$ cat coords08.txt   # compact mmCIF, C-alpha atoms
# COMPACT_ATOMS: atom_id res chain seq x y z
CA MET U 21 -19.97 2.19 -21.78
CA ILE U 22 -18.58 -1.23 -20.95
CA GLN U 23 -21.01 -3.51 -19.13
CA PRO U 24 -19.88 -6.01 -16.48
CA GLU U 25 -21.04 -8.92 -18.70
CA GLN U 26 -18.45 -7.89 -21.32
CA LEU U 27 -15.68 -8.52 -18.80
CA VAL U 28 -16.85 -11.17 -16.38
CA GLU U 29 -19.21 -14.15 -16.25
CA ALA U 30 -22.90 -13.64 -15.54
CA GLU U 31 -22.58 -14.75 -11.92
CA TRP U 32 -19.85 -12.20 -11.27
CA ALA U 33 -21.85 -9.46 -12.99
CA GLU U 34 -24.78 -10.30 -10.73
CA TRP U 35 -22.49 -10.19 -7.69
CA TYR U 36 -21.21 -6.75 -8.72
CA ARG U 37 -24.79 -5.46 -8.95
CA LEU U 38 -25.57 -6.37 -5.35
CA THR U 39 -25.08 -3.67 -2.75
CA PRO U 40 -22.20 -4.21 -0.30
CA VAL U 41 -24.63 -5.18 2.46
CA GLN U 42 -26.45 -7.65 0.17
CA ARG U 43 -23.09 -9.26 -0.64
CA TRP U 44 -22.29 -9.56 3.05
CA LEU U 45 -25.64 -11.25 3.73
CA GLU U 46 -25.20 -13.63 0.76
CA SER U 47 -21.80 -14.65 2.09
CA GLU U 48 -23.38 -15.40 5.47
CA LYS U 49 -25.72 -17.86 3.72
CA LEU U 50 -22.70 -19.53 2.11
CA TRP U 51 -21.09 -19.78 5.53
CA GLN U 52 -24.16 -21.46 6.99
CA THR U 53 -24.16 -23.99 4.14
CA TYR U 54 -20.45 -24.62 4.52
CA LEU U 55 -20.70 -25.13 8.26
CA GLY U 56 -23.87 -27.22 7.78
CA PHE U 57 -21.86 -29.61 5.62
CA GLY U 58 -19.38 -29.91 8.43
CA GLY U 59 -16.74 -27.64 6.92
CA LEU U 60 -13.92 -26.73 9.26
CA LEU U 61 -12.75 -23.25 10.19
CA GLU U 62 -9.09 -24.13 9.89
CA PRO U 63 -7.80 -22.46 6.69
CA GLU U 64 -5.84 -24.25 4.00
CA PRO U 65 -2.08 -23.70 4.29
CA ASP U 66 -1.05 -20.69 2.20
CA THR U 67 2.35 -21.65 0.85
CA GLN U 68 2.88 -18.24 -0.76
CA SER U 69 2.33 -16.33 2.44
CA PRO U 70 5.48 -14.94 4.06
CA PHE U 71 4.16 -16.39 7.33
CA PHE U 72 3.91 -19.93 5.97
CA ASP U 73 5.64 -22.47 8.17
CA ALA U 74 5.69 -25.99 6.78
CA ARG U 75 6.54 -27.33 10.25
CA ALA U 76 3.61 -25.68 12.00
CA SER U 77 1.16 -28.06 13.62
CA ARG U 78 -2.37 -28.39 12.32
CA PRO U 79 -5.30 -29.26 14.59
CA ARG U 80 -7.36 -32.39 14.52
CA ALA U 81 -11.03 -32.14 13.64
CA ALA U 82 -13.15 -30.79 16.49
CA TYR U 83 -14.54 -33.47 18.78
CA GLY U 84 -13.88 -36.19 16.28
CA ARG U 85 -16.05 -34.40 13.77
CA THR U 86 -14.77 -34.72 10.21
CA GLY U 87 -14.80 -32.04 7.57
CA VAL U 88 -16.20 -32.42 4.07
CA ARG U 89 -15.17 -35.76 2.57
CA ILE U 90 -15.30 -37.01 -1.01
CA LEU U 91 -17.58 -40.05 -1.14
CA ARG U 92 -17.36 -40.72 -4.85
CA ARG U 93 -15.43 -39.33 -7.77
CA GLY U 94 -14.57 -40.04 -11.41
CA ARG U 95 -11.28 -41.48 -12.59
CA VAL U 96 -9.75 -38.23 -13.77
CA MET X 25 -9.81 -6.45 7.18
CA GLY X 26 -9.41 -9.53 4.92
CA GLY X 27 -11.90 -11.94 3.37
CA GLN X 28 -15.15 -10.42 4.64
CA ALA X 29 -14.00 -6.94 3.67
CA CYS X 30 -13.38 -8.28 0.15
CA VAL X 31 -16.89 -9.72 0.07
CA PHE X 32 -18.37 -6.41 1.21
CA TYR X 33 -16.53 -4.38 -1.44
CA GLY X 34 -17.35 -6.68 -4.34
CA ALA X 35 -14.70 -9.35 -4.67
CA ALA X 36 -15.41 -12.76 -3.19
CA GLU X 37 -13.14 -14.71 -0.95
CA PHE X 38 -14.08 -17.69 1.13
CA SER X 39 -11.47 -16.99 3.69
CA ARG X 40 -11.60 -18.98 6.89
CA ASP X 41 -9.25 -16.88 8.89
CA THR X 42 -10.11 -13.51 10.38
CA ASP X 43 -7.60 -10.73 9.95
CA PHE X 44 -7.46 -7.73 12.26
CA ALA X 45 -5.44 -4.54 11.83
CA ILE X 46 -4.90 -3.06 15.27
CA LEU X 47 -3.35 -0.11 17.03
CA ALA X 48 -0.20 -1.52 18.57
CA ASP X 49 0.02 -0.12 22.07
CA ALA X 50 0.18 -1.82 25.44
CA ALA X 51 -3.37 -0.97 26.57
CA ASN X 52 -4.91 -2.13 23.32
CA LEU X 53 -2.90 -5.33 23.38
CA ALA X 54 -4.18 -6.05 26.88
CA ARG X 55 -7.80 -5.61 25.69
CA LEU X 56 -7.14 -7.83 22.70
CA GLY X 57 -5.56 -10.44 24.94
CA LYS X 58 -8.75 -10.56 27.02
CA ALA X 59 -10.96 -10.93 23.94
CA LEU X 60 -8.77 -13.72 22.59
CA ALA X 61 -8.82 -15.44 25.95
CA GLU X 62 -12.63 -15.61 25.69
CA LEU X 63 -12.22 -17.40 22.37
CA GLN X 64 -9.55 -19.57 23.96
CA GLY X 65 -7.18 -18.31 21.29
CA ARG X 66 -3.65 -19.68 21.47
CA VAL X 67 -0.66 -18.37 19.60
CA ILE X 68 0.47 -20.74 16.89
CA ALA X 69 3.92 -20.79 15.39
CA VAL X 70 6.03 -17.67 15.72
CA PRO X 71 6.33 -14.83 16.64
CA PRO X 72 4.97 -14.63 20.17
CA PHE X 73 2.21 -12.17 21.08
CA GLU X 74 4.42 -9.19 21.89
CA LEU X 75 4.24 -5.55 20.99
CA LYS X 76 7.72 -5.40 19.51
CA TYR X 77 6.91 -7.97 16.83
CA LEU X 78 3.70 -6.21 15.81
CA LYS X 79 5.55 -2.91 15.58
CA ARG X 80 8.15 -4.48 13.31
CA GLY X 81 5.44 -5.61 10.86
CA HIS X 82 4.98 -9.24 11.85
CA ALA X 83 1.59 -10.89 12.10
CA ILE X 84 0.63 -12.84 15.21
CA HIS X 85 -1.39 -15.98 14.53
CA PHE X 86 -3.94 -17.47 16.89
CA ARG X 87 -6.04 -20.60 16.72
CA CYS X 88 -9.27 -20.61 18.72
CA GLN X 89 -10.14 -23.55 20.92
CA HIS X 90 -13.57 -22.46 22.12
CA PRO X 91 -16.16 -25.05 20.96
CA GLU X 92 -18.12 -22.44 18.97
CA THR X 93 -15.07 -21.22 17.09
CA PHE X 94 -12.93 -24.31 17.21
CA GLY X 95 -10.01 -24.18 14.80
CA MET X 96 -10.77 -20.63 13.66
CA ARG X 97 -7.62 -18.70 12.86
CA VAL X 98 -7.22 -15.10 13.90
CA ASP X 99 -4.35 -13.08 12.47
CA ILE X 100 -3.34 -9.78 14.00
CA MET X 101 -1.27 -7.11 12.28
CA ALA X 102 -0.39 -3.53 13.13
CA LYS X 103 1.77 -2.54 10.19
CA MET X 104 1.46 -3.46 6.53
CA ARG X 105 3.76 -2.72 3.64
CA GLY X 106 2.68 0.28 1.59
CA VAL X 107 -0.26 1.00 3.90
CA GLU X 108 -0.68 4.08 6.10
CA PRO X 109 -0.19 3.82 9.90
CA PHE X 110 -3.17 2.67 11.95
CA PRO X 111 -4.60 6.07 13.02
CA LYS X 112 -5.10 7.01 9.37
CA LEU X 113 -6.62 3.62 8.55
CA TRP X 114 -9.02 4.07 11.45
CA ARG X 115 -10.14 7.48 10.19
CA ARG X 116 -10.80 6.03 6.73
CA ARG X 117 -12.53 2.84 7.85
CA THR X 118 -15.98 1.69 6.75
CA THR X 119 -18.40 0.85 9.55
CA ILE X 120 -21.31 -1.46 8.84
CA GLU X 121 -24.19 -2.54 11.01
CA LEU X 122 -25.42 -6.10 10.61
CA PRO X 123 -29.12 -7.03 10.93
CA ASP X 124 -28.58 -8.13 14.53
CA GLY X 125 -27.20 -4.69 15.41
CA LEU X 126 -23.58 -5.76 15.55
CA LYS X 127 -21.20 -3.12 14.20
CA CYS X 128 -18.10 -4.05 12.21
CA ASP X 129 -15.26 -1.76 11.22
CA LEU X 130 -13.68 -2.68 7.90
CA LEU X 131 -10.49 -1.48 6.31
CA GLY X 132 -11.41 1.24 3.79
CA LEU X 133 -11.39 0.10 0.18
CA THR X 134 -8.36 2.14 -0.91
CA ASP X 135 -6.35 0.75 2.02
CA LEU X 136 -7.57 -2.79 1.39
CA VAL X 137 -6.35 -2.57 -2.20
CA LEU X 138 -2.92 -1.39 -1.03
CA ALA X 139 -2.77 -4.15 1.60
CA LYS X 140 -3.50 -6.74 -1.09
CA LYS X 141 -0.45 -5.81 -3.16
CA THR X 142 1.56 -8.77 -1.98
CA GLN X 143 3.69 -11.52 -3.45
CA ARG X 144 0.76 -13.99 -3.44
CA ASP X 145 -0.99 -15.01 -6.69
CA LYS X 146 -4.43 -14.94 -5.12
CA ASP X 147 -4.34 -11.27 -4.12
CA TRP X 148 -4.03 -9.83 -7.62
CA PRO X 149 -7.30 -11.08 -9.14
CA MET X 150 -8.86 -9.89 -5.87
CA ILE X 151 -7.60 -6.34 -6.41
CA ARG X 152 -8.94 -6.42 -9.95
CA ARG X 153 -12.39 -7.50 -8.72
CA LEU X 154 -12.46 -4.95 -5.90
CA VAL X 155 -11.74 -2.01 -8.18
CA GLU X 156 -14.02 -3.27 -10.97
CA ALA X 157 -16.92 -3.62 -8.52
CA HIS X 158 -16.30 -0.12 -7.17
CA TYR X 159 -16.16 1.28 -10.70
CA PHE X 160 -19.43 -0.30 -11.82
CA GLN X 161 -21.12 0.80 -8.61
CA ASN X 162 -20.03 4.44 -8.83
CA ARG X 163 -19.29 5.33 -12.44
CA ASP X 164 -22.61 7.07 -13.11
CA LYS X 165 -21.88 9.91 -10.69
CA PRO X 166 -18.21 9.71 -9.68
CA ASN X 167 -16.39 12.30 -7.64
CA PRO X 168 -12.80 13.33 -8.50
CA GLN X 169 -11.40 11.18 -5.68
CA GLN X 170 -13.08 8.08 -7.08
CA ILE X 171 -11.79 8.81 -10.58
CA ARG X 172 -8.28 9.22 -9.18
CA PHE X 173 -8.69 5.89 -7.37
CA TRP X 174 -9.69 4.13 -10.60
CA LEU X 175 -6.87 5.72 -12.58
CA GLY X 176 -4.46 4.66 -9.88
CA GLU X 177 -5.70 1.16 -9.18
CA LEU X 178 -7.82 -0.34 -11.99
CA ARG X 179 -6.23 -3.49 -13.41
CA THR X 180 -8.72 -4.09 -16.23
CA PRO X 181 -7.36 -2.68 -19.53
CA ALA X 182 -10.76 -1.97 -21.12
CA LEU X 183 -11.96 -0.06 -18.06
CA LEU X 184 -8.72 1.87 -17.67
CA ILE X 185 -9.03 2.98 -21.29
CA GLU X 186 -12.65 3.97 -20.70
CA VAL X 187 -11.78 6.03 -17.60
CA ALA X 188 -8.77 7.66 -19.27
CA ARG X 189 -10.88 8.58 -22.28
CA SER X 190 -13.63 10.24 -20.25
CA ASN X 191 -11.18 11.96 -17.87
CA ALA X 192 -8.32 12.85 -20.19
CA GLY X 193 -7.09 15.87 -18.22
CA LEU X 194 -6.88 14.05 -14.91
CA ALA X 195 -5.37 10.96 -16.58
CA ARG X 196 -2.54 13.08 -17.99
CA ARG X 197 -1.79 14.36 -14.49
CA VAL X 198 -1.93 10.95 -12.83
CA VAL X 199 0.35 9.44 -15.49
CA LEU X 200 3.30 10.89 -13.59
CA LYS X 201 2.45 8.60 -10.69
CA ARG X 202 1.36 5.64 -12.81
CA PRO X 203 3.27 5.61 -16.10
CA LEU X 204 1.20 2.79 -17.65
CA LEU X 205 -1.66 5.27 -17.98
CA ALA X 206 0.10 6.51 -21.10
CA GLU X 207 -0.99 3.25 -22.78
CA ALA X 208 -4.55 3.77 -21.49
CA ILE X 209 -4.60 7.34 -22.86
CA SER X 210 -3.46 6.09 -26.25
CA ALA X 211 -5.99 3.21 -25.97
CA ASP X 212 -3.36 0.57 -26.68
CA ALA X 213 -4.95 -2.43 -24.94
CA ALA X 214 -2.15 -4.90 -25.74
CA GLN X 215 0.59 -2.61 -24.44
CA LEU X 216 -1.51 -1.75 -21.43
CA GLU X 217 -1.99 -5.40 -20.56
CA ARG X 218 1.77 -5.94 -20.78
CA ALA X 219 2.41 -2.89 -18.62
CA LEU X 220 -0.07 -4.09 -16.00
CA ARG X 221 1.73 -7.43 -15.81
CA GLU X 222 5.04 -5.64 -15.37
CA GLU X 223 3.56 -3.39 -12.70
CA GLU X 224 2.26 -6.42 -10.79
CA SER X 225 5.55 -8.23 -11.12
CA ALA X 226 7.52 -5.23 -9.80
CA GLU X 227 5.16 -4.85 -6.85
CA ARG X 228 5.44 -8.54 -5.97
CA GLU X 229 9.21 -8.23 -6.07
CA ARG X 230 9.06 -5.24 -3.70
CA ASP X 231 6.91 -7.28 -1.33
CA LYS X 232 9.42 -10.15 -1.36
CA LEU X 233 12.26 -7.74 -0.58
CA TYR X 234 10.25 -6.15 2.23
CA TRP X 235 9.63 -9.54 3.81
CA LEU X 236 13.17 -10.84 3.46
CA PRO X 237 14.48 -9.56 6.83
CA LEU X 238 11.18 -10.40 8.53
CA ARG X 239 11.25 -13.94 7.15
CA ASN X 240 14.81 -14.33 8.37
CA GLU X 241 13.73 -13.19 11.80
CA LEU X 242 10.84 -15.69 11.78
CA GLU X 243 13.25 -18.44 10.81
CA ARG X 244 15.58 -17.50 13.71
CA LEU X 245 12.61 -17.54 16.09
CA ARG X 246 11.55 -20.98 14.85
CA HIS X 247 15.05 -22.35 15.35
CA SER X 248 15.39 -20.91 18.83
CA ARG X 249 11.99 -22.36 19.75
CA GLU X 250 12.99 -25.80 18.48
CA ALA X 251 16.42 -25.72 20.11

$ encode --input "coords08.txt" --output "structure tokens"
Amino acid sequence: MIQPEQLVEAEWAEWYRLTPVQRWLESEKLWQTYLGFGGLLEPEPDTQSPFFDARASRPRAAYGRTGVRILRRGRV
Amino acid sequence: MGGQACVFYGAAEFSRDTDFAILADAANLARLGKALAELQGRVIAVPPFELKYLKRGHAIHFRCQHPETFGMRVDIMAKMRGVEPFPKLWRRRTTIELPDGLKCDLLGLTDLVLAKKTQRDKDWPMIRRLVEAHYFQNRDKPNPQQIRFWLGELRTPALLIEVARSNAGLARRVVLKRPLLAEAISADAAQLERALREEESAERERDKLYWLPLRNELERLRHSREA
């Protein structure tokens, strides 16, 4: 029988082995981290979606709060 | 029905919008309108929040202004290509209870997979993950319905070959509905991979064709709004 590790990376295999409810709870932790870093709820534009409208307005950050910013990066 | 449902069933999507499939009738729309008003949800772009657009298959997009949900996008749909009408989706839903007692109704897995068969690149690896996760979770004691689901929806050549090998009789029957199973039955991984790509490509083309008149209608609505 094929094992998940033969098809996907170890992290994915571990994810598959969680129960659905465990996955839900893990994703909640990710959400808390994301929001803790100041991540915004506004999704990235999805240019492949049939609903995509390049002219649609996008909101400013809430109450002057910024989202995640890059403070330092390499040259590439 | 979108990102969090994918997380629950085994794929992973960090989706920041919240998608709802709803029953499109006037009373339900009024209830939804009240709930969105609490979130200070405002319609963005087109179409407007009207029953006729939902019934035609459009999605209505809201952006919440309430401080606790500021910027959160809520997308509402009542009809999706290739997916059963709402009453059937409702009967097949999955209901979960969160630790705080809150109950959530999620699109059933088989319907979620069908809803993900779109023209977008990102949906196809998602389908693959969803069905793989379901297979690994249930393969030790599967029921015939689950085996049919795998034969019909798996997108991983090695797993399709494994399922076809251990369920040869059923695979031969399902091949009429999904011709690429012939490659799985003969365990030809290279041909099967090619056939899966072709199957995806054909489905994406069907989705584009389905959306063509709806996109044209959206464009007309945008123009009339700007005029």

$ axis_aligned_box --input "coords08.txt" --around "stretch 102-116 of chain X" --padding-each-side "5 Å" --output "JSON"
{"center_x": -3.5, "center_y": 2.0, "center_z": 7.4, "size_x": 24.6, "size_y": 21.0, "size_z": 21.5}

$ interface_residues --input "coords08.txt" --of "chain U" --to "chain X" --cutoff "8 Å" --atoms "all atoms listed in the file" --output "VMD selection string"
chain U and resid 21 to 22 24 35 to 37 40 to 41 43 to 44 47 60 to 63 68 to 71 73 76 to 77 79 82

$ atom_distance --input "coords08.txt" --atom1 "atom CA of X:Glu222" --atom2 "atom CA of X:Met104"
22.3 Å

$ atom_distance --input "coords08.txt" --atom1 "atom CA of X:Ala48" --atom2 "atom CA of X:Asp129"
16.8 Å

$ atom_distance --input "coords08.txt" --atom1 "atom CA of X:Val137" --atom2 "atom CA of U:Leu45"
22.0 Å

$ closest_residue --input "coords08.txt" --among "X:Leu126, X:Ile100, X:Leu205, X:Leu194" --to "X:Leu47" --atoms "all atoms listed in the file"
X:Ile100
